[in-house]
Structures are given as C-alpha cells and as structure tokens.
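**Student:** Contents of run.csv (CSV, C-alpha atoms) are given next:
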```
chain,number,residue,atom,x,y,z
A,1014,MET,CA,2.4,-70.1,31.8
A,1015,LYS,CA,3.4,-67.0,33.8
A,1016,THR,CA,5.7,-65.9,31.1
A,1017,PHE,CA,3.1,-66.4,28.5
A,1018,LEU,CA,0.6,-64.3,30.5
A,1019,LEU,CA,3.2,-61.5,30.9
A,1020,VAL,CA,3.9,-61.5,27.2
A,1021,ILE,CA,0.2,-61.2,26.4
A,1022,VAL,CA,-0.3,-58.4,29.0
A,1023,GLY,CA,2.8,-56.5,27.8
A,1024,LEU,CA,1.8,-56.9,24.1
A,1025,SER,CA,-1.8,-55.7,24.6
A,1026,GLY,CA,-0.7,-52.9,26.9
A,1027,GLY,CA,1.9,-51.7,24.4
A,1028,ALA,CA,-0.5,-52.0,21.5
A,1029,LEU,CA,-3.2,-49.9,23.3
A,1030,VAL,CA,-0.8,-47.3,24.5
A,1031,GLY,CA,0.7,-47.0,21.0
A,1032,ALA,CA,-2.7,-46.7,19.3
A,1033,GLY,CA,-3.9,-44.3,22.0
A,1034,MET,CA,-0.9,-42.1,21.6
A,1035,PHE,CA,-1.3,-41.9,17.9
A,1036,ALA,CA,-5.0,-41.3,18.1
A,1037,PHE,CA,-4.3,-38.5,20.5
A,1038,PHE,CA,-1.9,-36.8,18.0
A,1039,ILE,CA,-4.4,-37.2,15.2
A,1040,ALA,CA,-7.3,-35.9,17.4
A,1041,LEU,CA,-5.3,-32.8,18.3
A,1042,GLY,CA,-4.5,-32.2,14.6
A,1043,VAL,CA,-0.8,-31.7,15.2
A,1044,ILE,CA,0.4,-34.0,12.4
A,1045,GLU,CA,-2.0,-32.5,9.9
A,1046,ARG,CA,-0.8,-29.1,10.9
A,1047,VAL,CA,2.8,-30.0,10.4
A,1048,ILE,CA,2.1,-31.5,7.0
A,1049,ASP,CA,0.1,-28.3,6.2
A,1050,ILE,CA,2.9,-26.0,7.2
A,1051,SER,CA,5.7,-27.9,5.4
A,1052,ARG,CA,3.4,-28.5,2.3
A,1053,THR,CA,4.5,-32.1,2.1
A,1054,GLU,CA,1.3,-34.1,1.9
A,1055,ALA,CA,2.8,-36.4,-0.7
A,1056,TYR,CA,5.2,-37.8,2.0
A,1057,ARG,CA,2.6,-38.6,4.6
A,1058,GLY,CA,3.5,-42.3,4.4
A,1059,MET,CA,7.1,-41.4,5.5
A,1060,TYR,CA,5.7,-39.5,8.5
A,1061,LYS,CA,3.9,-42.6,9.8
A,1062,ILE,CA,7.2,-44.5,9.7
A,1063,ALA,CA,9.0,-41.6,11.4
A,1064,ILE,CA,6.5,-41.6,14.2
A,1065,LEU,CA,6.7,-45.4,14.5
A,1066,LEU,CA,10.5,-45.3,14.6
A,1067,GLY,CA,10.5,-42.4,17.1
A,1068,SER,CA,8.2,-44.2,19.5
A,1069,LEU,CA,10.2,-47.4,19.2
A,1070,LEU,CA,13.6,-45.7,19.7
A,1071,SER,CA,12.4,-43.7,22.8
A,1072,THR,CA,10.9,-46.9,24.2
A,1073,LEU,CA,14.3,-48.6,23.8
A,1074,ILE,CA,16.0,-45.6,25.5
A,1075,TYR,CA,13.5,-45.4,28.3
A,1076,MET,CA,13.0,-49.1,29.0
A,1077,PHE,CA,16.3,-50.7,28.2
A,1078,ARG,CA,18.7,-47.8,28.8
A,1079,PHE,CA,19.7,-48.0,25.2
A,1080,GLY,CA,22.3,-45.4,24.3
A,1081,VAL,CA,25.5,-44.2,22.7
A,1082,ARG,CA,28.5,-42.2,24.0
A,1083,ALA,CA,28.4,-39.0,21.9
A,1084,ASN,CA,29.3,-35.4,22.4
A,1085,LYS,CA,27.0,-33.3,24.6
A,1086,GLY,CA,26.5,-30.9,21.6
A,1087,TRP,CA,24.1,-33.4,20.1
A,1088,LEU,CA,21.7,-32.7,22.9
A,1089,LEU,CA,21.2,-29.2,21.5
A,1090,LEU,CA,19.9,-30.8,18.3
A,1091,ILE,CA,17.6,-33.1,20.2
A,1092,GLY,CA,16.3,-30.6,22.7
A,1093,LEU,CA,15.0,-28.1,20.1
A,1094,PRO,CA,12.7,-30.5,18.2
A,1095,MET,CA,11.5,-31.9,21.6
A,1096,GLY,CA,10.5,-28.4,22.6
A,1097,ILE,CA,8.9,-27.6,19.3
A,1098,PHE,CA,6.8,-30.7,19.4
A,1099,VAL,CA,5.7,-30.2,23.0
A,1100,GLY,CA,4.9,-26.5,22.1
A,1101,MET,CA,2.7,-27.7,19.2
A,1102,ILE,CA,0.9,-30.2,21.4
A,1103,ALA,CA,0.3,-27.6,24.0
A,1104,SER,CA,-1.0,-25.1,21.4
A,1105,ALA,CA,-3.2,-27.8,19.9
A,1106,LEU,CA,-4.7,-28.6,23.3
A,1107,THR,CA,-5.4,-24.9,23.9
A,1108,GLU,CA,-7.0,-24.8,20.5
A,1109,VAL,CA,-9.1,-27.9,21.0
A,1110,LEU,CA,-10.4,-26.4,24.2
A,1111,ASN,CA,-11.2,-23.2,22.4
A,1112,VAL,CA,-9.4,-21.0,25.0
A,1113,ILE,CA,-8.3,-18.2,22.7
A,1114,PRO,CA,-11.4,-17.8,20.6
A,1115,PHE,CA,-13.5,-17.9,23.8
A,1116,LEU,CA,-11.4,-15.2,25.5
A,1117,SER,CA,-11.0,-12.9,22.5
A,1118,ILE,CA,-14.8,-13.0,21.6
A,1119,ARG,CA,-16.0,-12.8,25.2
A,1120,ILE,CA,-13.7,-10.0,26.2
A,1121,GLY,CA,-14.1,-8.4,22.7
A,1122,ILE,CA,-10.5,-8.3,21.5
A,1123,ILE,CA,-10.5,-10.3,18.3
A,1124,LYS,CA,-8.1,-7.7,16.9
A,1125,TRP,CA,-5.6,-8.6,19.6
A,1126,ALA,CA,-6.0,-12.3,19.4
A,1127,TYR,CA,-2.4,-12.7,18.1
A,1128,LEU,CA,-1.1,-10.7,21.0
A,1129,LEU,CA,-2.7,-13.4,23.2
A,1130,ILE,CA,-0.7,-16.0,21.4
A,1131,ILE,CA,2.5,-14.1,21.8
A,1132,ALA,CA,1.7,-13.7,25.5
A,1133,ILE,CA,1.2,-17.5,25.7
A,1134,ILE,CA,4.5,-18.1,23.9
A,1135,LEU,CA,6.4,-15.8,26.3
A,1136,GLY,CA,4.6,-17.3,29.3
A,1137,LYS,CA,5.4,-20.9,28.2
A,1138,VAL,CA,9.1,-20.1,27.5
A,1139,LEU,CA,9.5,-18.3,30.8
A,1140,GLY,CA,7.6,-21.1,32.6
A,1141,SER,CA,9.9,-23.7,31.0
A,1142,ILE,CA,13.0,-21.6,31.8
A,1143,LEU,CA,12.0,-21.3,35.5
A,1144,TYR,CA,11.1,-25.0,35.7
A,1145,TRP,CA,14.5,-26.0,34.5
A,1146,GLY,CA,16.1,-23.6,37.0
A,1147,LEU,CA,17.8,-21.6,34.3
A,1148,LEU,CA,16.7,-18.3,35.9
A,1149,LYS,CA,16.7,-17.5,39.6
A,1150,ILE,CA,14.5,-14.7,40.7
A,1151,GLN,CA,15.9,-13.2,43.9
B,809,MET,CA,-43.7,-12.9,-18.5
B,810,ASP,CA,-42.4,-14.6,-15.4
B,811,ASN,CA,-43.8,-12.4,-12.7
B,812,TYR,CA,-42.6,-13.9,-9.5
B,813,ILE,CA,-40.4,-12.5,-6.7
B,814,TYR,CA,-37.6,-14.9,-5.9
B,815,LEU,CA,-36.5,-14.4,-2.4
B,816,HIS,CA,-33.3,-15.8,-1.0
B,817,LEU,CA,-33.1,-15.2,2.8
B,818,LYS,CA,-29.6,-14.9,4.2
B,819,ASP,CA,-28.4,-17.1,7.1
B,820,HIS,CA,-27.4,-14.3,9.5
B,821,ILE,CA,-26.3,-10.7,9.3
B,822,LYS,CA,-24.7,-8.2,11.6
B,823,ARG,CA,-25.5,-4.6,11.9
B,824,GLU,CA,-24.4,-1.8,14.1
B,825,ALA,CA,-27.1,-0.4,16.3
B,826,GLY,CA,-28.9,2.8,15.2
B,827,GLN,CA,-29.9,2.0,11.6
B,828,ASP,CA,-33.1,0.6,10.0
B,829,ILE,CA,-32.8,-2.8,8.4
B,830,TYR,CA,-34.2,-3.0,4.9
B,831,LEU,CA,-35.4,-6.0,2.9
B,832,ASP,CA,-32.3,-5.6,0.8
B,833,ASP,CA,-30.1,-6.2,3.8
B,834,ILE,CA,-31.5,-9.6,4.7
B,835,THR,CA,-32.3,-11.1,1.3
B,836,GLU,CA,-31.2,-11.4,-2.2
B,837,LEU,CA,-34.0,-10.7,-4.6
B,838,SER,CA,-34.8,-11.5,-8.2
B,839,CYS,CA,-37.8,-9.8,-9.6
B,840,SER,CA,-38.9,-7.2,-12.2
B,841,PRO,CA,-37.1,-3.8,-11.9
B,842,ASP,CA,-40.1,-1.8,-10.8
B,843,VAL,CA,-41.0,-4.2,-8.1
B,844,ARG,CA,-37.4,-4.3,-7.0
B,845,ASP,CA,-37.4,-0.5,-6.7
B,846,LYS,CA,-40.3,-0.6,-4.3
B,847,LEU,CA,-39.1,-3.6,-2.3
B,848,THR,CA,-35.5,-2.5,-1.6
B,849,LYS,CA,-36.9,0.5,0.4
B,850,LEU,CA,-39.1,-1.8,2.5
B,851,VAL,CA,-38.2,-1.5,6.1
B,852,ILE,CA,-38.2,-4.8,7.8
B,853,LEU,CA,-37.1,-3.7,11.2
B,854,GLN,CA,-37.3,-0.2,12.7
B,855,GLU,CA,-34.1,1.0,14.4
B,856,LYS,CA,-33.9,-0.5,17.8
B,857,GLY,CA,-31.3,-1.1,20.5
B,858,VAL,CA,-28.8,-3.8,20.7
B,859,GLY,CA,-30.1,-7.4,20.5
B,860,ILE,CA,-30.6,-10.5,18.5
B,861,ILE,CA,-33.6,-11.0,16.5
B,862,THR,CA,-34.7,-14.0,14.5
B,863,LEU,CA,-37.1,-13.6,11.6
B,864,SER,CA,-38.6,-16.5,9.7
B,865,VAL,CA,-39.1,-16.4,6.0
B,866,VAL,CA,-42.8,-16.5,6.5
B,867,GLU,CA,-42.7,-13.3,8.5
B,868,VAL,CA,-40.7,-11.7,5.7
B,869,ILE,CA,-43.1,-12.9,3.1
B,870,GLU,CA,-46.0,-11.6,5.1
B,871,LEU,CA,-44.4,-8.2,5.2
B,872,ILE,CA,-43.9,-8.1,1.5
B,873,ARG,CA,-47.4,-9.3,0.8
B,874,GLN,CA,-48.8,-6.4,2.9
B,875,PHE,CA,-46.8,-4.2,0.6
B,876,ILE,CA,-47.4,-5.9,-2.8
B,877,PRO,CA,-50.2,-8.4,-2.4
B,878,GLU,CA,-50.5,-9.4,-6.1
B,879,ILE,CA,-47.2,-11.0,-6.9
B,880,PRO,CA,-46.4,-14.6,-5.8
B,881,ILE,CA,-43.2,-15.0,-3.8
B,882,ILE,CA,-40.9,-18.0,-4.1
B,883,SER,CA,-38.4,-18.6,-1.3
B,884,THR,CA,-35.1,-20.2,-2.3
B,885,GLY,CA,-33.0,-19.5,0.8
B,886,GLU,CA,-32.8,-20.2,4.5
B,887,SER,CA,-36.0,-20.6,6.5
B,888,LYS,CA,-34.8,-18.1,9.1
B,889,ILE,CA,-32.4,-15.3,9.6
B,890,THR,CA,-30.6,-14.2,12.7
B,891,ILE,CA,-30.1,-10.5,12.9
B,892,HIS,CA,-27.4,-9.5,15.3
B,893,ILE,CA,-27.5,-5.8,16.2
B,894,HIS,CA,-24.5,-4.9,18.1
B,895,GLU,CA,-22.7,-1.8,19.5
B,896,LYS,CA,-20.0,-0.4,17.4
B,897,ASP,CA,-16.9,-2.6,17.6
B,898,GLU,CA,-18.4,-5.0,20.1
B,899,TYR,CA,-16.1,-7.8,19.3
B,900,SER,CA,-13.1,-6.4,17.4
B,901,GLY,CA,-11.4,-4.6,20.3
B,902,LYS,CA,-10.5,-1.4,18.5
B,903,GLY,CA,-9.6,1.6,20.5
B,904,PHE,CA,-8.0,2.2,23.8
B,905,ALA,CA,-10.5,0.2,25.9
B,906,GLY,CA,-9.8,-2.8,23.6
B,907,LEU,CA,-6.1,-2.4,24.1
B,908,ILE,CA,-6.4,-2.4,27.9
B,909,ARG,CA,-8.6,-5.5,27.8
B,910,ALA,CA,-6.1,-7.1,25.5
B,911,PHE,CA,-3.3,-6.2,27.8
B,912,ILE,CA,-5.0,-7.7,30.9
B,913,THR,CA,-6.0,-10.8,29.0
B,914,SER,CA,-2.4,-11.2,27.7
B,915,LEU,CA,-1.1,-10.9,31.3
B,916,LEU,CA,-3.5,-13.6,32.4
B,917,LEU,CA,-2.5,-15.9,29.6
B,918,PHE,CA,1.2,-15.1,30.1
B,919,ILE,CA,1.2,-16.1,33.7
B,920,GLY,CA,-1.3,-18.9,33.3
B,921,SER,CA,0.5,-20.6,30.4
B,922,GLY,CA,3.8,-20.3,32.3
B,923,ILE,CA,2.3,-22.1,35.3
B,924,ALA,CA,0.6,-24.6,33.1
B,925,ILE,CA,3.8,-25.7,31.4
B,926,MET,CA,5.4,-26.2,34.8
B,927,TYR,CA,2.5,-28.3,35.9
B,928,PHE,CA,2.7,-30.3,32.7
B,929,HIS,CA,6.5,-30.9,33.1
B,930,GLU,CA,6.0,-32.0,36.6
B,931,ASP,CA,3.0,-34.2,35.7
B,932,VAL,CA,4.8,-36.1,33.0
B,933,ASN,CA,8.0,-36.3,34.9
B,934,MET,CA,9.9,-34.3,32.2
B,935,HIS,CA,13.1,-34.2,34.4
B,936,LYS,CA,13.4,-37.9,34.2
B,937,VAL,CA,12.8,-37.9,30.4
B,938,HIS,CA,15.5,-35.3,29.9
B,939,ASP,CA,17.9,-37.2,32.1
B,940,ALA,CA,17.2,-40.4,30.2
B,941,ILE,CA,18.0,-38.7,26.9
B,942,TYR,CA,21.1,-37.2,28.3
B,943,THR,CA,22.3,-40.6,29.4
B,944,ALA,CA,21.3,-42.1,26.0
B,945,VAL,CA,23.3,-39.6,24.1
B,946,THR,CA,26.4,-39.0,26.3
B,947,GLY,CA,26.5,-42.3,28.2
B,948,GLN,CA,26.8,-40.4,31.5
B,949,GLU,CA,24.5,-40.1,34.4
B,950,ALA,CA,22.9,-36.7,34.8
B,951,THR,CA,20.5,-34.8,37.0
B,952,GLY,CA,19.3,-31.8,35.0
B,953,SER,CA,21.4,-30.5,32.1
B,954,TYR,CA,21.3,-27.1,30.5
B,955,TRP,CA,22.5,-28.8,27.3
B,956,ILE,CA,19.0,-30.1,26.7
B,957,SER,CA,16.8,-27.8,28.7
B,958,ILE,CA,17.9,-24.6,26.9
B,959,PRO,CA,17.2,-25.7,23.3
B,960,TYR,CA,14.0,-27.4,24.7
B,961,SER,CA,12.7,-24.1,26.1
B,962,ILE,CA,13.5,-22.3,22.9
B,963,GLY,CA,11.8,-25.0,20.8
B,964,LEU,CA,8.7,-24.8,23.0
B,965,GLY,CA,8.2,-21.2,21.9
B,966,LEU,CA,9.0,-22.0,18.3
B,967,GLY,CA,6.5,-24.8,18.3
B,968,ILE,CA,3.6,-22.6,19.4
B,969,ALA,CA,4.6,-19.9,16.9
B,970,LEU,CA,4.8,-22.6,14.2
B,971,PHE,CA,1.4,-24.0,15.1
B,972,PHE,CA,-0.3,-20.7,14.9
B,973,GLY,CA,1.5,-19.7,11.7
B,974,LEU,CA,3.3,-16.7,13.4
B,975,LEU,CA,6.6,-17.4,11.7
B,976,PRO,CA,7.2,-15.5,8.5
B,977,ASP,CA,6.7,-17.7,5.5
B,978,LYS,CA,7.8,-16.6,2.1
B,979,ASN,CA,5.3,-18.5,0.0
B,980,LYS,CA,2.5,-18.4,2.6
B,981,ASN,CA,-0.6,-19.9,1.2
B,982,ASN,CA,-3.6,-17.9,2.1
B,983,LYS,CA,-5.1,-20.7,4.3
B,984,PRO,CA,-6.5,-19.7,7.6
B,985,ASP,CA,-4.5,-20.7,10.6
B,986,PRO,CA,-6.0,-22.7,13.5
B,987,LEU,CA,-6.8,-19.6,15.5
B,988,GLU,CA,-8.8,-18.0,12.7
B,989,ILE,CA,-10.7,-21.3,12.2
B,990,GLY,CA,-11.3,-21.4,15.9
B,991,ILE,CA,-12.7,-17.9,16.1
B,992,HIS,CA,-14.9,-18.6,13.1
B,993,LYS,CA,-16.2,-21.8,14.6
B,994,TYR,CA,-16.9,-20.3,17.9
B,995,LYS,CA,-18.8,-17.4,16.3
B,996,ASN,CA,-20.8,-19.8,14.3
B,997,GLN,CA,-21.7,-21.8,17.3
B,998,ILE,CA,-23.0,-18.7,19.0
B,999,ASN,CA,-25.0,-17.8,15.9
B,1000,SER,CA,-26.5,-21.2,15.5
B,1001,TYR,CA,-27.5,-21.3,19.2
B,1002,LEU,CA,-29.1,-17.9,19.0
B,1003,SER,CA,-31.0,-18.8,15.8
B,1004,ALA,CA,-32.2,-22.1,17.3
B,1005,LYS,CA,-33.3,-20.3,20.5
B,1006,GLY,CA,-35.1,-17.7,18.5
B,1007,GLY,CA,-33.2,-14.7,19.7
B,1008,SER,CA,-34.6,-14.1,23.2
B,1009,LYS,CA,-33.0,-10.7,23.9
B,1010,GLN,CA,-35.5,-8.6,22.0
B,1011,LYS,CA,-39.0,-8.8,20.8
B,1012,LYS,CA,-39.9,-9.3,17.2
B,1013,PRO,CA,-41.4,-6.4,15.4
```
Can I see the file as structure tokens?

**Tutor:**
Amino acid sequence: MKTFLLVIVGLSGGALVGAGMFAFFIALGVIERVIDISRTEAYRGMYKIAILLGSLLSTLIYMFRFGVRANKGWLLLIGLPMGIFVGMIASALTEVLNVIPFLSIRIGIIKWAYLLIIAIILGKVLGSILYWGLLKIQ
Amino acid sequence: MDNYIYLHLKDHIKREAGQDIYLDDITELSCSPDVRDKLTKLVILQEKGVGIITLSVVEVIELIRQFIPEIPIISTGESKITIHIHEKDEYSGKGFAGLIRAFITSLLLFIGSGIAIMYFHEDVNMHKVHDAIYTAVTGQEATGSYWISIPYSIGLGLGIALFFGLLPDKNKNNKPDPLEIGIHKYKNQINSYLSAKGGSKQKKP
C-alpha cells in the first residue's frame, strides 16, 4: 500500500513538474525563437522529442547518478549549449517583463536599445565568470 | 455625381511640437478635387505645447461642417485619434544627452544583470548541477570545474545575443527581433491607455 502511494505521488509529481517546465519554456517563447532563428519549423516534432529525451537523461543523471567515464574535453561541448540555453531563458524573462522597452522608452534612448543588450550580455558573462571563481578581483 | 466626403480617421499620429495640425495630417480623405483643396488647408489644431490630445471623429466632422456645411460626410475610419505632440527626439535618444543616458542605463543593466545571474545560479544550485554533469561525463567526483564553467559562461553570452538576433546572419529574414516587438508593444500600450483616458495633459481646442 505504501509503495503504491509512493508510486502515485511520484508519478503525479513528475508529470506536473514536466508539464510545468514545458509550459514555462513555451510561455517564455524560447522554443519558438530557436525555431525562428534556425528556420526549421518543419522539424518541430523532432524538437519535442529532443526536449523529452533531454529532460529524461538529466533526470537519470541527477537522480540515479547515471554516467559514463569519458574525457574531460566533452564537458566543453556540454557547457556551451548549457550556457546558451540559460542565456536565452534569461533574455526571454527580461523580455517578458518588458525591462528593456520600458527603460529605453522611459529614459528616451530607443536608438541605444541594443547597447543595453550588449551591456546585459557583458554583465551576465562577467557575473557568471565571477560566480564560478574564474576571476579574482584583488 | 457622388458628392460625399469620405473621411478615414487615423488611429494615432505623432508630431513634433511647434507646428499646426491640418486635417490632412489626421485623416485620409476621398472627395471631389475642389473640396479637397479647401479641406487640406483646414487647421484642426493650432500650434500648442507638448501634450497628448484625443479628438473624436464627431469633433472632426463638426469642424468640417463649420467650414463646408453642404456636403455630407461619411466616416470610415477610427472613432477617435490620439495626437501625440512631443519635443524633438523625445524617445529616440539622439544627440549627446541621449548618449549619456544610454551610458548610465547600460552601466545599470551591466551591473544588475551580472548580480542577477549570480543570484540565479545560487538560487537554482547551479554548482551542484555542474558537479553532477562533471561526474556523469568523467566518472570522477568534482567540486567546481573550469572545464564546464568556462564554456558555460561563454554560452550564456552567446544565448542572449542569439535571442535578440545580434549575431550576424547571412540570410537574415527581415523579421523583427523580440526587442523591436517589445518596444512596439510597449508604445502601443501607452497609446491605447492615453486614447482611452482621453489625453488628460492638454485641453481640447
């Protein structure tokens, strides 16, 4: 009985988190944006499967310590897409919250709106570098 | 002969301060040539200071009828128009002052987004995630590895550039990027609010 209950709780929890995560990406418009940039709308079915497999694999890694013994160099290949995705999520969040349009119209610098984005990019990269302790400011 | 004035009121217009607004500026007209010649010179608003004015189509028709009473008018456009009279370059940020404002805002965003990404990493326990991936790939335990955090940091910048379409693109389609859409939406919201509120900043003529 206990096991049955646990299975039910785990199953519903997982289903909701999965659906919520996907809804979050959709609401932010990240996936549409990626499809738009790469001009591959015909393959959108493939992207669903990719997202599904990615979520599944990372769950296996995180929950069950699933893994391989490969060269460290592979990490470079994984780290870059990780960063790109988080960067896009962060931009989408800023965009949903209307931060840059608000600032550039309020302060009256629409002409310089892209400068603001470049400032954000530099800020995020520097913030990330500092967070990972890659740079020590004496 | 079809002797009507067809009047299509525009949704909103923007004008720099210091010029009169003519009927021609706020409407599209279809009527006989001699009537048109008279009407295009009709001053709807005298030159006034900066502000936002809402005119309804009825007010416009009223003005035309004072001028030419005999011809029936048919409205085909919006029921009101928002006229936004602004200083030169109110929004666009041209000139030195705009550059200074842009610089200060950039500094704000630069520092703010740097802090925000650190908050985010701490909040979602990104260290643990990176360690888990390190272990999954290499099979060794790790506490913080540059092998993953360096490409991650570069990717972070790339992702933002990609999202806002800053990367050079050979066959770039002329679609607007999210920022352009965002600015457009935000301006529209302001305009629709002002038009609904009736433009409180200045009295109607």

**Student:** Neighbourhood query: residues within 12 Å of (-2.9, -34.1, 16.1), file coordinates, counting all atoms listed in the file; return as a list in words.

**Tutor:**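 Neighbouring residues, ordered by chain and number, come to Gly1033, Met1034, Phe1035, Ala1036, Phe1037, Phe1038, Ile1039, Ala1040, Leu1041, Gly1042, Val1043, Ile1044, Glu1045, Arg1046, Val1047, Ile1048, Asp1049, Phe1098, Val1099, Met1101, Ile1102, Ala1103, Ser1104, Ala1105, Leu1106, Glu1108 and Val1109 of chain A; Phe971 of chain B.
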
**Student:** Find the residues with any atom within 12 Å of (-12.2, -6.4, 22.1); use only C-alpha atoms and the coordinates as given in the file, and write the answer as a PyMOL selection string.

**Tutor:** (chain A and resi 1114-1126+1128-1129) or (chain B and resi 895-913)

**Student:** Based on the selection just made, write C-alpha atoms of those residues as a PDB file, in the coordinates of the input.

**Tutor:**
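Contents of selection.pdb, as written:
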```pdb
ATOM      1  CA  PRO A1114     -11.400 -17.800  20.600  1.00  0.00           C
ATOM      2  CA  PHE A1115     -13.500 -17.900  23.800  1.00  0.00           C
ATOM      3  CA  LEU A1116     -11.400 -15.200  25.500  1.00  0.00           C
ATOM      4  CA  SER A1117     -11.000 -12.900  22.500  1.00  0.00           C
ATOM      5  CA  ILE A1118     -14.800 -13.000  21.600  1.00  0.00           C
ATOM      6  CA  ARG A1119     -16.000 -12.800  25.200  1.00  0.00           C
ATOM      7  CA  ILE A1120     -13.700 -10.000  26.200  1.00  0.00           C
ATOM      8  CA  GLY A1121     -14.100  -8.400  22.700  1.00  0.00           C
ATOM      9  CA  ILE A1122     -10.500  -8.300  21.500  1.00  0.00           C
ATOM     10  CA  ILE A1123     -10.500 -10.300  18.300  1.00  0.00           C
ATOM     11  CA  LYS A1124      -8.100  -7.700  16.900  1.00  0.00           C
ATOM     12  CA  TRP A1125      -5.600  -8.600  19.600  1.00  0.00           C
ATOM     13  CA  ALA A1126      -6.000 -12.300  19.400  1.00  0.00           C
ATOM     14  CA  LEU A1128      -1.100 -10.700  21.000  1.00  0.00           C
ATOM     15  CA  LEU A1129      -2.700 -13.400  23.200  1.00  0.00           C
TER      16      LEU A1129
ATOM     17  CA  GLU B 895     -22.700  -1.800  19.500  1.00  0.00           C
ATOM     18  CA  LYS B 896     -20.000  -0.400  17.400  1.00  0.00           C
ATOM     19  CA  ASP B 897     -16.900  -2.600  17.600  1.00  0.00           C
ATOM     20  CA  GLU B 898     -18.400  -5.000  20.100  1.00  0.00           C
ATOM     21  CA  TYR B 899     -16.100  -7.800  19.300  1.00  0.00           C
ATOM     22  CA  SER B 900     -13.100  -6.400  17.400  1.00  0.00           C
ATOM     23  CA  GLY B 901     -11.400  -4.600  20.300  1.00  0.00           C
ATOM     24  CA  LYS B 902     -10.500  -1.400  18.500  1.00  0.00           C
ATOM     25  CA  GLY B 903      -9.600   1.600  20.500  1.00  0.00           C
ATOM     26  CA  PHE B 904      -8.000   2.200  23.800  1.00  0.00           C
ATOM     27  CA  ALA B 905     -10.500   0.200  25.900  1.00  0.00           C
ATOM     28  CA  GLY B 906      -9.800  -2.800  23.600  1.00  0.00           C
ATOM     29  CA  LEU B 907      -6.100  -2.400  24.100  1.00  0.00           C
ATOM     30  CA  ILE B 908      -6.400  -2.400  27.900  1.00  0.00           C
ATOM     31  CA  ARG B 909      -8.600  -5.500  27.800  1.00  0.00           C
ATOM     32  CA  ALA B 910      -6.100  -7.100  25.500  1.00  0.00           C
ATOM     33  CA  PHE B 911      -3.300  -6.200  27.800  1.00  0.00           C
ATOM     34  CA  ILE B 912      -5.000  -7.700  30.900  1.00  0.00           C
ATOM     35  CA  THR B 913      -6.000 -10.800  29.000  1.00  0.00           C
TER      36      THR B 913
END
```

**Student:** For B:Ser921, list every protein, DNA or RNA residue within 6 Å, evaluated using only C-alpha atoms, and leave out those in the same chain fewer than 6 positions away; present the list as an MDAnalysis selection string.

**Tutor:** chainID A and resid 1133 1136:1137

**Student:** In Å, how far is it from atom CA of B:His820 to atom CA of B:His892?

**Tutor:**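 Separation between atom CA of B:His820 and atom CA of B:His892: 7.5 Å.
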
**Student:** Can you work out the spacing between atom CA of B:Ile861 and atom CA of B:Thr884 in Å, to one decimal?

**Tutor:**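 Between atom CA of B:Ile861 and atom CA of B:Thr884 the gap works out to 21.0 Å.
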